[in-house]
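Heads up, the thing below is written out as structure tokens.
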Amino acid sequence: MANVIEQLLVLQTCDQEIRRLRKEMEDIPLRRQQIEARLNAHQEGLAQAERELLEARSRIKHLEGEIDSAREQIKKYRDQQLQIKSNDGYKALEKEVAVTQAAIRKLEDQELAAMEVVEAATAMAGQRRESLAGEQKQVDEEVKALLARGEDVGGELARQEDERKAVAAGIDPVWLRRYERIFAKQRDAAIARVEHGTCGSCHMKLSPAQIVDARKTDTLTLCDFCGRMLYLAS
């Protein structure tokens, strides 16, 4: 195997690792968004519970207002009874008092039901807060670990890039440019080993002439199918 191919294989290992590390670095913001997005459901659940609690409390306040108005109306009826001299007028007002008192009892029943709703909504809101706090803690820990991983990846990426510069400096510029053009187009590798008469990357059968050329130390041999540089280990 030609010395330049050996150098390019070392360089390719660096480039593959650099590509992987860069992809991981690029994915970190998205992964953070995905982690933090888990809070949305918990936050919405808490918001819904708090809305229900607020509505129930508002219902109680409204009912209390209606009850107070009804009691005030009864007071007015009583005051009017003191001024009415006819028995029929007195009885008519007494009937109004009875109707209003019945209405108050219904309102009080509704108020009790609303209080039960408030109690249930208060408990639910508490559960939602507790659930959100637990999820927030978990998310904070995961984000912290992710950011720490980002720092590690950044440090490793810098080391790999320095190593690549050192390796590339010792490679013939002509071969280096050819390799870099091919690697930029491929998702995995620019150099493929000839294995059992086939390209080690695309696994297509090579011609006898290509196999012979792949042995040469001064010839750039490309796979006709995938365009990768070929080499044949000795």
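Chain identifiers are assigned as A, B, and so on, following the order in which chains appear in the structure tokens; residues are numbered from 1 within each chain, and ligands are numbered from 1 in order of appearance.
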Within 12 Å of Cys202 (chain A) using only C-alpha atoms, minus same-chain residues under 4 positions, as an MDAnalysis selection string:
chainID A and resid 186 188:195 197:198 206 223:230
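Residues within 7 Å of region 10-20 of chain A, counting only C-alpha atoms and excluding same-chain residues fewer than 6 positions away, are Leu157, Gln160, Glu161, Arg164, Val167 and Ala168 of chain A.
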Taking into account only C-alpha atoms, which residue in the set A:Thr100, A:Ser86, A:Gln43, A:Gln34 is nearest to Glu66 (chain A)?
A:Thr100
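Of the residues listed (A:His203, A:Arg59, A:Lys91, A:Arg71), A:Arg59 shows the shortest atom-to-atom separation from Val117 (chain A); distances use only C-alpha atoms.
Around Leu220 (chain A), within 9 Å and counting only C-alpha atoms, the residues found are Trp175, Arg178, Asp213, Ala214, Lys216, Thr217, Asp218, Leu222, Met229, Leu230 and Tyr231 of chain A, once anything fewer than 2 positions away on its own chain is removed.
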For the alpha helix (DSSP H) assignment from backbone DSSP, which residues of region 180-210 of chain A qualify? Please present them as a ChimeraX atom specification.
/A:180-185,208-210
